[in-house]
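Listing of work_1.tsv; format and content: TSV, C-alpha atoms.
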```tsv
chain	number	residue	atom	x	y	z
B	29	MET	CA	-122.38	30.99	-38.41
B	30	ALA	CA	-125.00	30.44	-41.17
B	31	ALA	CA	-125.23	26.76	-40.36
B	32	SER	CA	-126.38	27.56	-36.77
B	33	VAL	CA	-129.38	29.57	-37.92
B	34	THR	CA	-132.58	27.59	-37.43
B	35	ILE	CA	-135.80	27.55	-39.38
B	36	GLU	CA	-137.56	28.85	-36.25
B	37	GLU	CA	-135.37	31.97	-36.27
B	38	VAL	CA	-136.21	32.58	-39.92
B	39	ALA	CA	-139.91	32.25	-39.10
B	40	ARG	CA	-139.59	34.73	-36.20
B	41	VAL	CA	-137.76	37.36	-38.28
B	42	ALA	CA	-140.17	36.92	-41.20
B	43	GLY	CA	-143.22	37.02	-38.92
B	44	VAL	CA	-144.62	33.77	-40.31
B	45	SER	CA	-145.06	30.19	-39.14
B	46	ARG	CA	-142.39	27.54	-39.28
B	47	SER	CA	-144.46	25.60	-41.84
B	48	THR	CA	-144.56	28.65	-44.12
B	49	VAL	CA	-140.78	28.86	-44.09
B	50	SER	CA	-140.61	25.14	-44.83
B	51	ARG	CA	-142.92	25.57	-47.81
B	52	VAL	CA	-140.76	28.40	-49.19
B	53	VAL	CA	-137.56	26.40	-48.74
B	54	ASN	CA	-139.12	23.44	-50.54
B	55	ALA	CA	-140.37	25.63	-53.40
B	56	SER	CA	-144.04	25.05	-52.70
B	57	THR	CA	-146.48	27.30	-54.53
B	58	ALA	CA	-148.87	27.35	-51.56
B	59	VAL	CA	-147.40	30.57	-50.19
B	60	SER	CA	-148.68	34.13	-50.59
B	61	PRO	CA	-146.42	36.63	-52.40
B	62	GLU	CA	-146.12	38.69	-49.23
B	63	ALA	CA	-145.02	35.71	-47.13
B	64	LEU	CA	-142.64	34.56	-49.85
B	65	ASP	CA	-140.97	37.96	-49.93
B	66	ALA	CA	-140.75	38.15	-46.11
B	67	VAL	CA	-139.19	34.69	-45.84
B	68	ARG	CA	-136.66	35.35	-48.59
B	69	ARG	CA	-135.59	38.61	-46.95
B	70	ALA	CA	-135.21	36.83	-43.59
B	71	ILE	CA	-133.14	34.07	-45.20
B	72	ASP	CA	-130.85	36.64	-46.82
B	73	THR	CA	-130.53	38.65	-43.58
B	74	LEU	CA	-129.75	35.65	-41.39
B	75	GLY	CA	-127.72	33.67	-43.93
B	76	TYR	CA	-129.88	30.63	-43.38
B	77	VAL	CA	-128.77	27.41	-45.08
B	78	PRO	CA	-131.47	24.70	-45.32
B	79	ASN	CA	-130.65	21.35	-43.76
B	80	ARG	CA	-130.29	19.17	-46.82
B	81	ALA	CA	-130.58	15.90	-44.93
B	82	ALA	CA	-133.81	16.97	-43.28
B	83	ARG	CA	-135.27	18.09	-46.59
B	84	ALA	CA	-134.37	14.81	-48.21
B	85	LEU	CA	-136.00	12.89	-45.37
B	86	ALA	CA	-139.15	14.99	-45.53
B	87	SER	CA	-139.49	14.54	-49.30
B	88	SER	CA	-138.51	10.82	-49.34
B	89	ARG	CA	-135.66	11.74	-51.69
B	90	THR	CA	-131.92	11.30	-51.41
B	91	LEU	CA	-131.26	14.50	-53.41
B	92	ALA	CA	-128.46	12.59	-55.12
B	93	VAL	CA	-128.06	11.54	-58.76
B	94	ALA	CA	-125.39	9.44	-60.41
B	95	VAL	CA	-123.46	9.48	-63.66
B	96	ILE	CA	-122.96	5.84	-64.57
B	97	VAL	CA	-120.27	5.12	-67.18
B	98	PRO	CA	-120.14	1.51	-68.41
B	99	GLU	CA	-116.46	1.70	-69.35
B	100	ASP	CA	-113.19	0.73	-67.71
B	101	VAL	CA	-111.22	3.27	-65.70
B	102	HIS	CA	-108.41	3.58	-68.27
B	103	ARG	CA	-110.80	4.55	-71.03
B	104	PHE	CA	-112.75	6.96	-68.84
B	105	PHE	CA	-109.71	8.93	-67.71
B	106	GLY	CA	-107.97	8.69	-71.10
B	107	ASP	CA	-110.75	10.22	-73.20
B	108	PRO	CA	-111.28	14.01	-72.99
B	109	PHE	CA	-114.88	13.50	-74.17
B	110	PHE	CA	-115.78	12.21	-70.71
B	111	ALA	CA	-114.16	15.14	-68.91
B	112	SER	CA	-116.13	17.61	-71.01
B	113	ILE	CA	-119.47	15.88	-70.74
B	114	VAL	CA	-119.19	15.29	-66.98
B	115	SER	CA	-118.21	18.94	-66.51
B	116	GLY	CA	-121.44	19.96	-68.21
B	117	ILE	CA	-123.47	17.58	-66.09
B	118	ASN	CA	-121.81	18.77	-62.89
B	119	ALA	CA	-122.36	22.46	-63.63
B	120	THR	CA	-126.10	21.96	-63.96
B	121	ILE	CA	-126.45	19.59	-61.00
B	122	ALA	CA	-124.36	21.92	-58.80
B	123	ALA	CA	-126.86	24.71	-59.39
B	124	SER	CA	-129.69	22.48	-58.11
B	125	ASP	CA	-130.46	20.88	-54.73
B	126	TYR	CA	-128.90	17.62	-55.84
B	127	VAL	CA	-125.39	16.24	-55.39
B	128	LEU	CA	-123.63	14.24	-58.07
B	129	THR	CA	-121.90	10.89	-57.72
B	130	LEU	CA	-119.81	9.12	-60.35
B	131	ALA	CA	-119.81	5.38	-60.96
B	132	ILE	CA	-117.50	3.71	-63.49
B	133	ALA	CA	-118.56	0.15	-64.23
B	134	SER	CA	-117.49	-1.67	-67.39
B	135	ASN	CA	-119.91	-4.45	-66.48
B	136	ASP	CA	-121.91	-5.50	-63.45
B	137	PRO	CA	-121.54	-9.28	-63.11
B	138	ASP	CA	-122.32	-9.29	-59.39
B	139	ASP	CA	-125.13	-6.72	-59.63
B	140	LYS	CA	-123.21	-4.36	-57.34
B	141	MET	CA	-124.24	-1.29	-59.30
B	142	LEU	CA	-127.81	-2.50	-59.58
B	143	GLY	CA	-127.90	-3.16	-55.84
B	144	TYR	CA	-126.58	0.34	-55.14
B	145	VAL	CA	-129.29	1.90	-57.29
B	146	ARG	CA	-132.07	-0.25	-55.85
B	147	SER	CA	-130.97	0.50	-52.29
B	148	GLY	CA	-132.45	3.98	-52.65
B	149	SER	CA	-129.05	5.70	-52.70
B	150	ILE	CA	-129.93	7.90	-55.68
B	151	ASP	CA	-133.05	9.47	-57.14
B	152	GLY	CA	-132.01	9.18	-60.79
B	153	ALA	CA	-129.12	8.46	-63.14
B	154	ILE	CA	-127.42	9.62	-66.32
B	155	ILE	CA	-125.90	6.75	-68.29
B	156	VAL	CA	-123.08	7.64	-70.68
B	157	SER	CA	-121.20	5.47	-73.22
B	158	HIS	CA	-123.32	2.34	-73.04
B	159	HIS	CA	-122.94	-0.70	-75.29
B	160	THR	CA	-125.52	-3.24	-76.45
B	161	SER	CA	-123.85	-5.77	-74.13
B	162	ASP	CA	-124.45	-3.57	-71.07
B	163	THR	CA	-127.77	-5.17	-70.19
B	164	PHE	CA	-127.49	-4.11	-66.55
B	165	VAL	CA	-128.27	-0.52	-67.52
B	166	GLU	CA	-131.75	-1.62	-68.59
B	167	ARG	CA	-132.38	-2.94	-65.09
B	168	ILE	CA	-131.14	0.35	-63.65
B	169	ALA	CA	-133.57	2.23	-65.91
B	170	ALA	CA	-136.36	0.07	-64.55
B	171	SER	CA	-135.47	1.13	-61.00
B	172	VAL	CA	-134.96	4.93	-61.20
B	173	PRO	CA	-135.50	7.69	-63.77
B	174	VAL	CA	-132.67	7.54	-66.32
B	175	VAL	CA	-131.43	9.83	-69.08
B	176	TYR	CA	-129.10	8.28	-71.65
B	177	GLY	CA	-126.17	10.08	-73.20
B	178	GLY	CA	-126.60	8.88	-76.75
B	179	ARG	CA	-129.53	7.03	-78.24
B	180	PRO	CA	-129.89	3.59	-76.67
B	181	PRO	CA	-130.03	0.66	-79.12
B	182	SER	CA	-133.75	0.05	-78.62
B	183	PRO	CA	-135.36	3.16	-77.14
B	184	GLY	CA	-138.77	2.40	-75.67
B	185	GLU	CA	-141.75	4.65	-75.14
B	186	GLY	CA	-140.51	5.82	-71.74
B	187	THR	CA	-136.88	6.35	-72.76
B	188	TYR	CA	-135.20	9.75	-72.45
B	189	PHE	CA	-131.94	10.51	-74.22
B	190	VAL	CA	-129.78	13.37	-75.43
B	191	ASP	CA	-127.62	12.76	-78.49
B	192	VAL	CA	-125.84	14.56	-81.30
B	193	ASP	CA	-126.79	14.04	-84.93
B	194	ASN	CA	-124.05	11.51	-85.55
B	195	THR	CA	-125.28	10.34	-88.93
B	196	ARG	CA	-125.46	13.85	-90.35
B	197	GLY	CA	-122.15	14.80	-88.72
B	198	ALA	CA	-120.32	11.91	-90.36
B	199	ARG	CA	-122.01	12.60	-93.68
B	200	VAL	CA	-120.90	16.25	-93.61
B	201	ALA	CA	-117.35	15.18	-92.74
B	202	VAL	CA	-117.08	12.77	-95.66
B	203	GLU	CA	-118.81	15.19	-98.05
B	204	TYR	CA	-116.08	17.68	-97.18
B	205	LEU	CA	-113.39	15.13	-98.07
B	206	ILE	CA	-115.17	14.33	-101.34
B	207	GLY	CA	-115.42	18.05	-102.09
B	208	ARG	CA	-111.64	18.30	-101.69
B	209	GLY	CA	-111.22	15.71	-104.45
B	210	HIS	CA	-110.70	12.56	-102.37
B	211	ARG	CA	-112.17	9.37	-103.80
B	212	ALA	CA	-110.53	6.46	-101.95
B	213	ILE	CA	-111.80	7.28	-98.47
B	214	ALA	CA	-111.29	4.72	-95.71
B	215	THR	CA	-112.94	4.84	-92.32
B	216	ILE	CA	-111.93	3.91	-88.79
B	217	THR	CA	-115.16	3.15	-86.96
B	218	GLY	CA	-116.10	3.21	-83.33
B	219	PRO	CA	-117.46	0.03	-81.73
B	220	LEU	CA	-120.54	-1.13	-83.60
B	221	THR	CA	-122.00	-2.15	-80.24
B	222	MET	CA	-122.63	1.58	-79.71
B	223	THR	CA	-125.18	3.64	-81.62
B	224	ALA	CA	-122.59	6.42	-82.11
B	225	GLY	CA	-120.34	3.96	-83.92
B	226	VAL	CA	-123.22	2.64	-86.03
B	227	ASP	CA	-124.56	6.10	-86.90
B	228	ARG	CA	-121.18	7.54	-87.90
B	229	LEU	CA	-120.54	4.55	-90.16
B	230	GLU	CA	-123.97	5.09	-91.71
B	231	GLY	CA	-123.22	8.77	-92.38
B	232	TYR	CA	-119.92	7.80	-94.02
B	233	ARG	CA	-121.71	5.36	-96.31
B	234	GLN	CA	-124.49	7.83	-97.16
B	235	ALA	CA	-121.99	10.46	-98.31
B	236	LEU	CA	-120.12	8.03	-100.55
B	237	THR	CA	-123.29	6.55	-102.03
B	238	ALA	CA	-124.68	10.00	-102.82
B	239	ALA	CA	-121.44	10.82	-104.66
B	240	GLY	CA	-121.54	7.59	-106.66
B	241	LEU	CA	-118.55	6.17	-104.80
B	242	GLN	CA	-118.07	2.78	-103.19
B	243	PRO	CA	-117.33	2.58	-99.46
B	244	GLY	CA	-113.61	2.21	-98.88
B	245	MET	CA	-111.61	0.10	-96.48
B	246	ALA	CA	-112.88	0.02	-92.89
B	247	ALA	CA	-111.57	-1.13	-89.53
B	248	ASP	CA	-112.85	-0.86	-85.97
B	249	GLY	CA	-110.74	1.45	-83.79
B	250	ASP	CA	-112.72	1.06	-80.55
B	251	PHE	CA	-112.81	4.86	-79.93
B	252	THR	CA	-109.23	4.75	-78.57
B	253	ALA	CA	-105.87	6.02	-79.84
B	254	GLU	CA	-104.40	2.51	-79.65
B	255	GLY	CA	-107.37	1.12	-81.55
B	256	GLY	CA	-107.08	3.85	-84.16
B	257	ALA	CA	-103.42	2.99	-84.72
B	258	ALA	CA	-104.18	-0.73	-85.07
B	259	ALA	CA	-107.03	0.02	-87.47
B	260	MET	CA	-104.80	2.27	-89.60
B	261	ARG	CA	-102.16	-0.45	-89.83
B	262	SER	CA	-104.86	-2.91	-90.90
B	263	ILE	CA	-106.04	-0.52	-93.62
B	264	LEU	CA	-102.51	0.11	-94.92
B	265	ASP	CA	-101.95	-3.64	-95.14
B	266	ARG	CA	-104.76	-3.66	-97.74
B	267	GLY	CA	-103.78	-0.52	-99.62
B	268	THR	CA	-103.28	3.21	-99.25
B	269	PRO	CA	-106.37	5.43	-99.23
B	270	ASP	CA	-106.20	9.11	-100.12
B	271	ALA	CA	-108.26	10.07	-97.05
B	272	VAL	CA	-109.36	8.59	-93.75
B	273	PHE	CA	-112.48	9.45	-91.77
B	274	ALA	CA	-111.86	8.48	-88.13
B	275	ALA	CA	-115.00	8.47	-86.02
B	276	SER	CA	-113.23	10.08	-83.04
B	277	ASP	CA	-110.27	12.40	-82.50
B	278	LEU	CA	-108.49	9.80	-80.37
B	279	MET	CA	-108.63	7.28	-83.21
B	280	ALA	CA	-107.49	9.97	-85.64
B	281	ARG	CA	-104.46	10.64	-83.40
B	282	GLY	CA	-103.53	6.97	-83.53
B	283	ALA	CA	-103.99	6.94	-87.31
B	284	LEU	CA	-101.81	10.03	-87.75
B	285	ALA	CA	-98.91	8.40	-85.90
B	286	VAL	CA	-99.08	5.27	-88.06
B	287	LEU	CA	-99.31	7.23	-91.33
B	288	GLN	CA	-96.33	9.38	-90.38
B	289	SER	CA	-94.31	6.32	-89.34
B	290	ALA	CA	-95.07	4.82	-92.75
B	291	GLY	CA	-93.57	7.91	-94.42
B	292	LEU	CA	-96.92	9.23	-95.64
B	293	ARG	CA	-97.53	12.97	-95.47
B	294	VAL	CA	-100.74	14.34	-93.96
B	295	PRO	CA	-102.62	15.85	-95.73
B	296	ASP	CA	-100.56	15.72	-98.96
B	297	ASP	CA	-100.62	11.93	-99.32
B	298	VAL	CA	-103.51	11.04	-97.00
B	299	ALA	CA	-106.00	13.48	-95.51
B	300	VAL	CA	-107.30	12.70	-92.02
B	301	MET	CA	-110.66	13.72	-90.58
B	302	GLY	CA	-111.57	13.30	-86.90
B	303	TYR	CA	-114.75	13.63	-84.88
B	304	ASP	CA	-115.33	15.40	-81.51
B	305	ASP	CA	-113.17	18.54	-81.65
B	306	SER	CA	-111.73	17.56	-78.29
B	307	SER	CA	-108.44	18.86	-76.90
B	308	VAL	CA	-106.75	16.07	-78.88
B	309	ALA	CA	-107.58	17.87	-82.15
B	310	THR	CA	-105.21	20.75	-81.43
B	311	SER	CA	-102.53	18.76	-79.59
B	312	VAL	CA	-101.34	16.81	-82.63
B	313	ALA	CA	-99.39	17.87	-85.71
B	314	PRO	CA	-100.90	18.54	-88.12
B	315	MET	CA	-103.92	19.73	-86.14
B	316	LEU	CA	-107.08	17.83	-86.93
B	317	THR	CA	-109.89	18.82	-89.21
B	318	THR	CA	-112.83	17.38	-87.31
B	319	MET	CA	-116.52	17.46	-86.51
B	320	ARG	CA	-117.29	19.42	-83.35
B	321	GLN	CA	-119.87	17.97	-81.02
B	322	PRO	CA	-120.96	20.17	-78.09
B	323	SER	CA	-119.91	17.78	-75.31
B	324	TYR	CA	-120.19	20.25	-72.41
B	325	GLU	CA	-123.64	21.41	-73.55
B	326	HIS	CA	-124.59	17.77	-74.14
B	327	GLY	CA	-123.82	17.00	-70.50
B	328	SER	CA	-125.66	20.06	-69.25
B	329	ARG	CA	-128.75	19.19	-71.31
B	330	MET	CA	-128.83	15.62	-69.97
B	331	ALA	CA	-128.70	16.92	-66.41
B	332	ARG	CA	-131.51	19.37	-67.14
B	333	VAL	CA	-133.71	16.62	-68.58
B	334	LEU	CA	-133.10	14.44	-65.51
B	335	LEU	CA	-133.86	17.30	-63.10
B	336	ASP	CA	-137.07	18.02	-64.98
B	337	LEU	CA	-138.08	14.36	-64.70
B	338	LEU	CA	-137.39	14.36	-60.97
B	339	ASP	CA	-139.46	17.53	-60.59
B	340	GLY	CA	-142.42	15.87	-62.27
B	341	ALA	CA	-142.13	17.79	-65.54
B	342	GLU	CA	-142.40	16.27	-69.01
B	343	PRO	CA	-139.17	16.95	-70.94
B	344	PRO	CA	-138.79	15.73	-74.54
B	345	HIS	CA	-137.95	12.05	-74.87
B	346	ALA	CA	-135.33	12.73	-77.56
B	347	THR	CA	-133.05	15.77	-77.72
B	348	ILE	CA	-130.73	15.92	-80.74
B	349	MET	CA	-127.89	18.44	-80.77
B	350	PRO	CA	-126.04	19.71	-83.86
B	351	THR	CA	-122.47	19.12	-84.97
B	352	GLU	CA	-120.16	21.51	-86.82
B	353	LEU	CA	-117.28	21.05	-89.27
B	354	VAL	CA	-113.98	22.54	-88.06
B	355	VAL	CA	-111.32	22.83	-90.76
B	356	ARG	CA	-107.67	22.71	-89.73
B	357	GLU	CA	-104.49	21.27	-91.23
B	358	SER	CA	-105.02	17.50	-91.51
B	359	ALA	CA	-107.59	17.83	-94.31
```
Would you write the structure of this file as structure tokens?
Amino acid sequence: MAASVTIEEVARVAGVSRSTVSRVVNASTAVSPEALDAVRRAIDTLGYVPNRAARALASSRTLAVAVIVPEDVHRFFGDPFFASIVSGINATIAASDYVLTLAIASNDPDDKMLGYVRSGSIDGAIIVSHHTSDTFVERIAASVPVVYGGRPPSPGEGTYFVDVDNTRGARVAVEYLIGRGHRAIATITGPLTMTAGVDRLEGYRQALTAAGLQPGMAADGDFTAEGGAAAMRSILDRGTPDAVFAASDLMARGALAVLQSAGLRVPDDVAVMGYDDSSVATSVAPMLTTMRQPSYEHGSRMARVLLDLLDGAEPPHATIMPTELVVRESA
């Protein structure tokens, strides 16, 4: 029934003009307090629902934004980080006038994604999990307002991003291992084509250097469980560390399986530290000691920054969120 109520009926009940109702619906400030109150009461009484398509046409907006994930489908659906961060984005977008679309594109060789963006199908985008090789995202950022999830490799003056303090988080993680008496600490890194991978490796090195220790064995685990397992095997081929800092919980899960298959006890023989505090951390045995990053809040904050940009506000260019050490059984 609410969908059949017209803007003219709202105007009649409120005792104002149709244009006044339109201004209220579109959040214009050019309305008197008395008229604003009358229109809002009429909307509540009649159950009026604004015609989204008409509003979009009138404002030259689509009222749609996209989350663009430059990863393959297997990785997107296999990593709980994405579920958490997209949930945070969706919650904030759902409370606005905008609708959210999701685009998974590991690369864009035919410029399909770029063509979609340039066609005017969306008003802005949030780009999550980008690599230095994903040059197409730079062309997207030149076409619509963009907020990056994670610091882009070369942030320019007009770049907006929300990130966690990955360097400090990794440093705190490794300092904890050092404080527990570990000295031969290996690391399984994320891809060094991503700033998260680079920053977590830097934090690892900073902690060891500050303690007068040399960096241990390292291998790239690609932020996946399979990659973490392969990296752990590579490390064990070179020796046995007394602790491993894995730059994601998924990689830590893969490392745990390899260590246990090799007859090594965790944490008695080798301590394992993860990063994320995702659902993976409590689904393995022993449960992971890890660095918590606020993925849901991260997503929500990115969405808020994008909405502010689209509303003509001036949000901060860089938002850095904290991490937190969570101690469990693996270290």
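With distances restricted to only C-alpha atoms, B:Ile216 is the closest residue to Asp248 (chain B) from B:Ile216, B:Thr268, B:Gly225, B:Ser124.
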Quick one: pull the distance between CA of Gly249 (chain B) and CA of Gly231 (chain B), Å, one decimal.
16.8 Å
Neighbour list for region 39-50 of chain B as a short mmCIF file (atom, residue, chain, number, x, y, z; two decimals) with C-alpha atoms, in the frame of the given file, cut-off 7 Å, only C-alpha atoms, skip fewer than 6 positions in-chain:
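Output (result29.cif):
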```cif
data_model
loop_
_atom_site.label_atom_id
_atom_site.label_comp_id
_atom_site.auth_asym_id
_atom_site.auth_seq_id
_atom_site.Cartn_x
_atom_site.Cartn_y
_atom_site.Cartn_z
CA VAL B 59 -147.40 30.57 -50.19
CA ALA B 66 -140.75 38.15 -46.11
CA VAL B 67 -139.19 34.69 -45.84
CA ALA B 70 -135.21 36.83 -43.59
#
```
Spatial neighbours of region 157-168 of chain B, max dist 7 Å, all atoms listed in the file, sep filter under 3 positions, as a VMD selection string:
chain B and resid 97 to 98 135 to 136 142 145 171 to 172 177 181 221 to 222
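CA of Glu230 (chain B) lies 28.4 Å from CA of Val95 (chain B).
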Around (-126.5, 22.6, -64.5) in the file's own coordinates, what residues are found within 10 Å if you use all atoms listed in the file, given back as a PyMOL selection string?
chain B and resi 115-124+325+327-332+335
List every protein, DNA or RNA residue with an atom no more than 12 Å from (-139.2, 14.4, -67.1) in the file's coordinates, counting all atoms listed in the file, and format the result as number ranges by chain.
B: 152, 172-175, 186-189, 330-346
At a cut-off of 12 Å, can you tabulate as a tab-separated table every residue of region 120-208 of chain B near region 273-284 of chain B together with its closest atom pair and the distance in Å to one decimal, using all atoms listed in the file and ordering rows by chain then number?
```
residue	atom	partner	partner_atom	distance
B:Asn194	CA	B:Ala275	CA	9.6
B:Thr195	CA	B:Ala275	CA	10.8
B:Gly197	CA	B:Ala275	CA	9.9
B:Ala198	CA	B:Ala275	CA	7.7
B:Arg199	CA	B:Phe273	CA	10.2
B:Val200	CA	B:Phe273	CA	11.0
B:Ala201	CA	B:Phe273	CA	7.6
B:Val202	CA	B:Phe273	CA	6.9
B:Glu203	CA	B:Phe273	CA	10.6
B:Tyr204	CA	B:Phe273	CA	10.5
B:Leu205	CA	B:Phe273	CA	8.5
B:Ile206	CA	B:Phe273	CA	11.1
```
In Å, how far is it from CA of Thr73 (chain B) to CA of Thr90 (chain B)?
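According to the coordinates, CA of Thr73 (chain B) and CA of Thr90 (chain B) are separated by 28.5 Å.
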Excluding Thr215 (chain B) and any residue of its chain fewer than 6 positions from it, enumerate the residues within 8 Å of it, using all atoms listed in the file, and give them as JSON, numbers by chain.
{"B": [229, 232, 244, 245, 246, 247, 272, 273, 274, 275]}
Measuring between only C-alpha atoms, which one of B:Arg51, B:Ala313, B:Gly291, B:Asp305 shows the shortest distance to Ala63 (chain B)?
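Under the stated criterion, the closest residue is B:Arg51.
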Residue nearest Ala239 (chain B) among B:Met260, B:Met315, B:Val190, B:Ile213 (counting only C-alpha atoms)
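Counting only C-alpha atoms, the residue closest to Ala239 (chain B) is B:Ile213.
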With a distance cut-off of 10 Å and all atoms listed in the file, select the neighbouring residues of Gly106 (chain B), excluding the residue or stretch itself and same-chain residues fewer than 5 positions from it, and output the selection as an MDAnalysis selection string.
chainID B and resid 101 111 252:253 278
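Nearest to Thr351 (chain B) of all the residues B:Arg233, B:Arg196, B:His326, B:Arg179 is B:Arg196, based on all atoms listed in the file.
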Set the distance at 6 Å and use only C-alpha atoms: which residues neighbour Ala359 (chain B) once local chain neighbours fewer than 4 positions away are removed? I'd like the list as a list in words.
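Counting only the stated atoms, we get Pro295, Ala299, Val300 and Thr317 of chain B.
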